[in-house]
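**Student:** So that we are looking at the same thing, I have put the structure below in structure tokens.
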Amino acid sequence: MKYDRIIISVIFSFFFYCNNLTAAPAVQNSLATINEKALPTPYMVIPFILLLLMIATGPLFYKHFWERQYPKIAFLLGLVTVAYYLIFLNQYDNILHTFSEYISFMALLSSLFVASGGIFIKVDRKATPFVNVLFLLFGAVISNVIGTTGASMLLIRPFIKMNKDRIKAYHVIFFIFIVSNIGGALTPVGDPPLFIGFLRGVPFFWVIENVWFIWIPVIILILAVFFVFDWFNNKGNDKQVEAEYSGNFQFKGYRNLVYLAVIILSVFLDPGIFPWIPDLYPIPFGIREIIMFAVVYLSYKQADKEILRDNEFDFEPIKEVAYLFIGIFLTMIPALELIAEEARINRDILNAGTFYWATGGLSSFLDNTPTYLNFLSAAMGKYGLDINLHAHVKEFVSQDIIYLRAISVSAVFFGSMTYIGNGPNFMVKSICERAGIEMPSFFTYMIKYSIPILIPLFLIIYLMFFH
Amino acid sequence: MTTLNQILTSKPTGLYYNNRLILPFQGIFLKIIVNDDIITDFSPSSKHIYISENENYTDIYFKEYKHLKDSVSKYEAIKMVLVEKGKDIFDFDNHKKIAIYLKDKHQVTIEETDEDIIFIE
């Protein structure tokens, strides 16, 4: 499409324009002088709210207009924010930084999406409620190894196929809850905010050591609720269709397992972890992103065409994420800056419960990675520590873990509250609709599923661990 | 008269022009999935689709699409559930699930979906 190229060329023109304005030390200094910068006017949150409202209402009330126009809308709203920062605030470092984070985000998501799209898994056995529970539990565990995106892309199709005779929207929604979000709360590979925390200095095994005792009961409780739903659904089904199952397990696309391994390993290729890795600054991506984009190209080119066809592989879901999230990343900059400022001002009265609900509430609608960072920054501010210094992060981790635990848990868990809470949620929804499954709208998802099922659970976590 | 079964086993082709799909058979359509649109309203006032039956073929106009080729990629299919005319619509064994792949030169290939393609009726 024509506007694809226009959008890409505008992004890169902007990037190179900013590179002419800035120099390496400028960005470094900006971190130190962040408090001296002018804050955006609260009105600049309007493009973000507008975009969120359109994401929520577009597919519901003006679907085909939205489908045709959402790239332009997301991009234009993002451009309003960029123009405001450049012209009125004369600031560009946060735009560049956001763009760089966006590229990392898309590199990880697109490489996992394409590499897992070339893998075909078929479990030809009847999906009883117990088998489904085991499958979702496996998904929760594996999402800590290949990320929630990789696990979602790899497992959603076999999950649908297993349940093809009686699949309902709730199957997919519990899949989103468990595999696409909450499951990945144990390792930095699991979910992007934890990964960013790891890059900033949180030890790799800190998360599993400090979150496992929350993760296990939450997963068990959600699986128990799912089991009840599925048991009732299966009960009626026993009298209906009884398909024949061979009990076979089929796996095709072994080469792409290697690509998945490459992606996971490349996650650690960061100059902050291994100083020998070259920093490509001022280019807004690093060796890691180059490897990931190379995997996108190679795994697609070398994929078995039969597998792509069986998986009905299409770039549209990842394109949708790419377009919407460029808008979300850019328009949320003012919102996050204002939140960070509020958190900084009120840091003395902020407690673990506040961090838990604030991080969670915002992670439901905003990208959970910057939300995590801002609240981590505010929590560290309580001790006079700077999030930009590895040593300070390590000191913070050793001083008081309850804040970091609250922020880590809520940033990941609350991503399941809406379709836009986490990248894979949207992709899973899109794959299911293409398979013929009618998915609930944005609001129905919340009203019928996430609020009644997850909020009581999150409340219990709050009362038990962060009250 | 050639049955839908016989037509499908002969690996037929159809045609498409922009948003118009021409299939070399007739049938009672129950569900069509194009992109992530699940279409079940086939009434004359449907916002999504218009179906016109001719002697040996069926025209399907996807009203909300300008060009099918822009929305359906090469590994994706337009999927349909239909029943041959004259057969019992209430018998699930008569429900045919077919996948239509857009090819070059306005051609489409039509095949019954195999069990590897996810298609929930």
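Here's how to read the names in the structure tokens: chain A, B, ... by the order shown, residue numbers from 1 in each chain, ligand numbers from 1 in the order shown.
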Taking only C-alpha atoms into account, find every residue of chain B that has an atom no more than 6 Å from chain A, and write it out as a short mmCIF file (atom, residue, chain, number, x, y, z; two decimals) with N, CA and C atoms, in the first residue's frame.
**Tutor:**
```
data_model
loop_
_atom_site.label_atom_id
_atom_site.label_comp_id
_atom_site.auth_asym_id
_atom_site.auth_seq_id
_atom_site.Cartn_x
_atom_site.Cartn_y
_atom_site.Cartn_z
N ASN B 35 -10.91 -12.48 5.32
CA ASN B 35 -10.10 -11.71 6.25
C ASN B 35 -10.57 -12.08 7.67
N ASP B 36 -10.87 -11.08 8.53
CA ASP B 36 -11.42 -11.46 9.82
C ASP B 36 -12.92 -11.15 9.92
N TYR B 75 -1.22 -17.02 1.30
CA TYR B 75 -1.39 -18.24 2.10
C TYR B 75 -2.76 -18.29 2.79
N GLU B 76 -3.53 -17.25 2.59
CA GLU B 76 -4.85 -17.19 3.23
C GLU B 76 -5.94 -17.62 2.26
N ASP B 116 -6.16 -29.77 8.41
CA ASP B 116 -5.10 -28.90 8.94
C ASP B 116 -5.49 -27.43 8.96
N ILE B 117 -6.45 -27.07 8.13
CA ILE B 117 -6.89 -25.67 8.09
C ILE B 117 -7.92 -25.46 9.22
N ILE B 118 -7.69 -24.44 10.01
CA ILE B 118 -8.66 -24.21 11.10
C ILE B 118 -9.85 -23.46 10.52
N PHE B 119 -10.98 -24.06 10.65
CA PHE B 119 -12.21 -23.41 10.15
C PHE B 119 -13.36 -23.89 11.03
N ILE B 120 -13.75 -23.01 11.91
CA ILE B 120 -14.81 -23.36 12.85
C ILE B 120 -16.16 -22.95 12.25
#
```
**Student:** Please provide as a ChimeraX atom specification all residues within 8 Å of Thr109 (chain B), with the sequence filter that same-chain residues fewer than 4 positions apart are discarded (counting only C-alpha atoms).
**Tutor:** /B:11-14,100-103
**Student:** Write out the residues from the selection above, keeping N, CA and C atoms, as a JSON list (two decimals), in the first residue's frame.
**Tutor:**
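Result went into out.json, see below:
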```
[["chain", "number", "residue", "atom", "x", "y", "z"],
["B", 11, "LYS", "N", -11.25, -30.39, -8.85],
["B", 11, "LYS", "CA", -10.37, -29.23, -8.56],
["B", 11, "LYS", "C", -10.71, -28.03, -9.46],
["B", 12, "PRO", "N", -11.85, -27.49, -9.26],
["B", 12, "PRO", "CA", -12.29, -26.41, -10.15],
["B", 12, "PRO", "C", -11.56, -25.10, -9.90],
["B", 13, "THR", "N", -11.68, -24.21, -10.84],
["B", 13, "THR", "CA", -11.18, -22.85, -10.63],
["B", 13, "THR", "C", -12.35, -21.90, -10.81],
["B", 14, "GLY", "N", -12.19, -20.72, -10.24],
["B", 14, "GLY", "CA", -13.18, -19.68, -10.41],
["B", 14, "GLY", "C", -12.48, -18.41, -10.82],
["B", 100, "ILE", "N", -10.95, -21.00, -0.71],
["B", 100, "ILE", "CA", -10.73, -20.40, -2.02],
["B", 100, "ILE", "C", -9.46, -19.56, -1.96],
["B", 101, "TYR", "N", -8.51, -19.89, -2.81],
["B", 101, "TYR", "CA", -7.23, -19.18, -2.83],
["B", 101, "TYR", "C", -7.16, -18.29, -4.07],
["B", 102, "LEU", "N", -6.79, -17.03, -3.86],
["B", 102, "LEU", "CA", -6.68, -16.10, -4.99],
["B", 102, "LEU", "C", -5.33, -16.31, -5.68],
["B", 103, "LYS", "N", -5.37, -16.50, -6.96],
["B", 103, "LYS", "CA", -4.13, -16.70, -7.73],
["B", 103, "LYS", "C", -3.96, -15.54, -8.70]]
```
**Student:** Here is a test: counting only C-alpha atoms, which residue of A:Ala303, A:Val189, A:Val218, A:Ile328 is nearest to Ala115 (chain A)?
**Tutor:**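 Nearest to Ala115 (chain A): A:Ala303.
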**Student:** Out of B:Glu64, B:Ile33, B:Ala77, B:Ile22, which residue has the shortest atom-to-atom distance to Ile51 (chain B) when counting only C-alpha atoms?
**Tutor:** B:Ile22
**Student:** When DSSP works through the backbone of this structure, what residues of region 52-109 of chain B end up as strand (DSSP E or B), shown as a VMD selection string?
**Tutor:** chain B and resid 52 to 53 58 to 62 78 to 83 95 to 102 107 to 109
**Student:** What lies within 12 Å of Tyr43 (chain A) using only C-alpha atoms, ignoring chain neighbours under 4 positions off, as an mmCIF file with N, CA and C atoms, in the first residue's frame?
**Tutor:**
```
data_model
loop_
_atom_site.group_PDB
_atom_site.id
_atom_site.type_symbol
_atom_site.label_atom_id
_atom_site.label_comp_id
_atom_site.auth_asym_id
_atom_site.auth_seq_id
_atom_site.Cartn_x
_atom_site.Cartn_y
_atom_site.Cartn_z
ATOM 1 N N LEU A 39 7.132 20.188 31.277
ATOM 2 C CA LEU A 39 6.198 19.062 31.161
ATOM 3 C C LEU A 39 5.161 19.367 30.086
ATOM 4 N N PRO A 47 -4.753 13.048 22.273
ATOM 5 C CA PRO A 47 -4.526 12.114 21.146
ATOM 6 C C PRO A 47 -4.456 10.659 21.599
ATOM 7 N N PHE A 48 -3.870 10.456 22.764
ATOM 8 C CA PHE A 48 -3.760 9.089 23.283
ATOM 9 C C PHE A 48 -5.146 8.524 23.630
ATOM 10 N N ILE A 49 -5.937 9.350 24.332
ATOM 11 C CA ILE A 49 -7.280 8.907 24.712
ATOM 12 C C ILE A 49 -8.126 8.651 23.455
ATOM 13 N N LEU A 50 -7.959 9.556 22.490
ATOM 14 C CA LEU A 50 -8.687 9.417 21.230
ATOM 15 C C LEU A 50 -8.325 8.106 20.533
ATOM 16 N N VAL A 80 0.940 14.210 15.824
ATOM 17 C CA VAL A 80 0.522 15.390 16.611
ATOM 18 C C VAL A 80 1.433 15.510 17.838
ATOM 19 N N THR A 81 1.664 14.360 18.496
ATOM 20 C CA THR A 81 2.512 14.362 19.691
ATOM 21 C C THR A 81 3.946 14.746 19.314
ATOM 22 N N TYR A 84 4.178 18.427 18.604
ATOM 23 C CA TYR A 84 4.081 19.200 19.845
ATOM 24 C C TYR A 84 5.437 19.233 20.560
ATOM 25 N N THR A 331 1.788 8.581 21.230
ATOM 26 C CA THR A 331 0.796 9.402 21.930
ATOM 27 C C THR A 331 0.842 9.218 23.444
ATOM 28 N N PRO A 334 3.263 11.893 26.480
ATOM 29 C CA PRO A 334 2.827 12.894 27.466
ATOM 30 C C PRO A 334 2.163 12.255 28.685
ATOM 31 N N ALA A 335 1.334 11.230 28.440
ATOM 32 C CA ALA A 335 0.632 10.569 29.567
ATOM 33 C C ALA A 335 1.651 10.006 30.546
ATOM 34 N N LEU A 338 3.508 12.747 32.510
ATOM 35 C CA LEU A 338 2.676 13.351 33.560
ATOM 36 C C LEU A 338 2.518 12.390 34.738
#
```
**Student:** What does the structure give for the distance between CA of Ile318 (chain A) and CA of Ser110 (chain A), in Å to one decimal?
**Tutor:** 6.4 Å
**Student:** Counting only C-alpha atoms, what is within 8 Å of Asn56 (chain B), bar same-chain residues fewer than 3 positions away, as a PyMOL selection string?
**Tutor:** chain B and resi 24-26
**Student:** Write to file, as a PDB file, in the first residue's frame, the residues of the selection just made, with C-alpha atoms.
**Tutor:**
```pdb
ATOM      1  CA  PRO B  24     -18.581 -22.395 -10.948  1.00  0.00           C
ATOM      2  CA  PHE B  25     -21.383 -23.870  -8.864  1.00  0.00           C
ATOM      3  CA  GLN B  26     -24.446 -23.010  -6.869  1.00  0.00           C
TER       4      GLN B  26
END
```
**Student:** With only C-alpha atoms as the atoms that count, which of A:Val202, A:Ala107, A:Leu457, A:Ile339 lies nearest to Gly286 (chain A)?
**Tutor:** A:Ala107
**Student:** Taking only C-alpha atoms into account, which of B:His106, B:Lys85, B:Lys31, B:Arg20 comes nearest Asn5 (chain B)?
**Tutor:** B:Lys85
**Student:** Quick check, in Å to one decimal: how far apart do CA of Tyr383 (chain A) and CA of Ala343 (chain A) lie?
**Tutor:**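 Atom-to-atom, CA of Tyr383 (chain A) and CA of Ala343 (chain A) are spaced 13.5 Å apart.
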**Student:** I'd like the contact shell of Phe159 (chain A) - 10 Å cut-off, only C-alpha atoms, skipping same-chain residues fewer than 6 positions apart - returned as a compact mmCIF listing (two decimals) with C-alpha atoms, in the first residue's frame.
**Tutor:**
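Writing done, so here's result-v2.txt:
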```
# COMPACT_ATOMS: atom_id res chain seq x y z
CA ILE A 121 1.77 -28.40 15.69
CA LYS A 122 -1.19 -30.72 15.66
CA VAL A 123 -2.51 -32.52 18.69
CA ALA A 127 -9.84 -31.76 24.26
CA ASN A 132 -7.25 -28.17 28.07
CA PHE A 135 -2.38 -27.51 27.66
CA LEU A 136 -2.86 -24.01 29.13
CA SER A 152 0.80 -17.50 21.88
CA ILE A 167 -14.67 -23.98 20.76
CA HIS A 171 -11.41 -20.75 25.35
CA VAL A 172 -9.51 -18.02 23.55
CA PHE A 175 -5.72 -18.57 26.52
```
**Student:** Please measure the separation of CA of Pro284 (chain A) and CA of Phe325 (chain A), giving the value in Å to one decimal.
**Tutor:**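 Atom-to-atom, CA of Pro284 (chain A) to CA of Phe325 (chain A), that is 16.7 Å.
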**Student:** Looking only at helix (DSSP H, G or I) from DSSP on the backbone, list the matching residues of chain B as a list in words.
**Tutor:**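 Residues meeting the helix (DSSP H, G or I) criterion: Leu4, Asn5, Gln6, Ile7, Leu8, Thr9, Leu68, Lys69, Asp70, Ser71, Phe92, Asp93 and Asn94 of chain B.
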**Student:** Atoms to include: N, CA and C atoms. Write the selected residues as a PDB file, in the first residue's frame.
**Tutor:**
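What follows is the written file again.pdb:
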```pdb
ATOM      1  N   LEU B   4     -22.270 -30.914  -6.472  1.00  0.00           N
ATOM      2  CA  LEU B   4     -21.205 -30.090  -5.869  1.00  0.00           C
ATOM      3  C   LEU B   4     -19.991 -30.957  -5.534  1.00  0.00           C
ATOM      4  N   ASN B   5     -20.272 -32.176  -5.085  1.00  0.00           N
ATOM      5  CA  ASN B   5     -19.180 -33.115  -4.780  1.00  0.00           C
ATOM      6  C   ASN B   5     -18.318 -33.371  -5.996  1.00  0.00           C
ATOM      7  N   GLN B   6     -18.984 -33.664  -7.109  1.00  0.00           N
ATOM      8  CA  GLN B   6     -18.249 -33.945  -8.349  1.00  0.00           C
ATOM      9  C   GLN B   6     -17.438 -32.736  -8.786  1.00  0.00           C
ATOM     10  N   ILE B   7     -18.029 -31.570  -8.649  1.00  0.00           N
ATOM     11  CA  ILE B   7     -17.312 -30.345  -9.042  1.00  0.00           C
ATOM     12  C   ILE B   7     -16.070 -30.172  -8.175  1.00  0.00           C
ATOM     13  N   LEU B   8     -16.236 -30.365  -6.859  1.00  0.00           N
ATOM     14  CA  LEU B   8     -15.108 -30.134  -5.951  1.00  0.00           C
ATOM     15  C   LEU B   8     -13.984 -31.145  -6.176  1.00  0.00           C
ATOM     16  N   THR B   9     -14.323 -32.372  -6.512  1.00  0.00           N
ATOM     17  CA  THR B   9     -13.256 -33.373  -6.739  1.00  0.00           C
ATOM     18  C   THR B   9     -12.510 -33.098  -8.043  1.00  0.00           C
ATOM     19  N   LEU B  68     -10.340  -7.705  -3.429  1.00  0.00           N
ATOM     20  CA  LEU B  68     -10.095  -8.870  -2.562  1.00  0.00           C
ATOM     21  C   LEU B  68      -8.607  -9.138  -2.416  1.00  0.00           C
ATOM     22  N   LYS B  69      -7.886  -8.906  -3.500  1.00  0.00           N
ATOM     23  CA  LYS B  69      -6.455  -9.212  -3.510  1.00  0.00           C
ATOM     24  C   LYS B  69      -5.701  -8.409  -2.435  1.00  0.00           C
ATOM     25  N   ASP B  70      -6.226  -7.214  -2.104  1.00  0.00           N
ATOM     26  CA  ASP B  70      -5.554  -6.385  -1.088  1.00  0.00           C
ATOM     27  C   ASP B  70      -5.730  -6.949   0.322  1.00  0.00           C
ATOM     28  N   SER B  71      -6.762  -7.753   0.508  1.00  0.00           N
ATOM     29  CA  SER B  71      -7.082  -8.200   1.865  1.00  0.00           C
ATOM     30  C   SER B  71      -6.771  -9.672   2.120  1.00  0.00           C
ATOM     31  N   PHE B  92     -25.567 -32.127   9.079  1.00  0.00           N
ATOM     32  CA  PHE B  92     -24.208 -31.567   9.068  1.00  0.00           C
ATOM     33  C   PHE B  92     -23.288 -32.279   8.068  1.00  0.00           C
ATOM     34  N   ASP B  93     -23.621 -33.531   7.758  1.00  0.00           N
ATOM     35  CA  ASP B  93     -22.793 -34.247   6.783  1.00  0.00           C
ATOM     36  C   ASP B  93     -22.863 -33.609   5.399  1.00  0.00           C
ATOM     37  N   ASN B  94     -23.922 -32.850   5.168  1.00  0.00           N
ATOM     38  CA  ASN B  94     -24.046 -32.189   3.860  1.00  0.00           C
ATOM     39  C   ASN B  94     -23.349 -30.828   3.814  1.00  0.00           C
TER      40      ASN B  94
END
```
**Student:** Using only C-alpha atoms, which of B:Val72, B:Ile32, B:Met80, B:Ile38 sits nearest Asn18 (chain B)?
**Tutor:**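 Of B:Val72, B:Ile32, B:Met80, B:Ile38, the one nearest Asn18 (chain B), counting only C-alpha atoms, is B:Val72.
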**Student:** Between B:Asp114, B:Glu84, B:Glu53, B:Asp59, which has the minimum distance to Ile98 (chain B) (counting only C-alpha atoms)?
**Tutor:**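 Once distances to Ile98 (chain B) are computed over only C-alpha atoms, the minimum belongs to B:Asp114.
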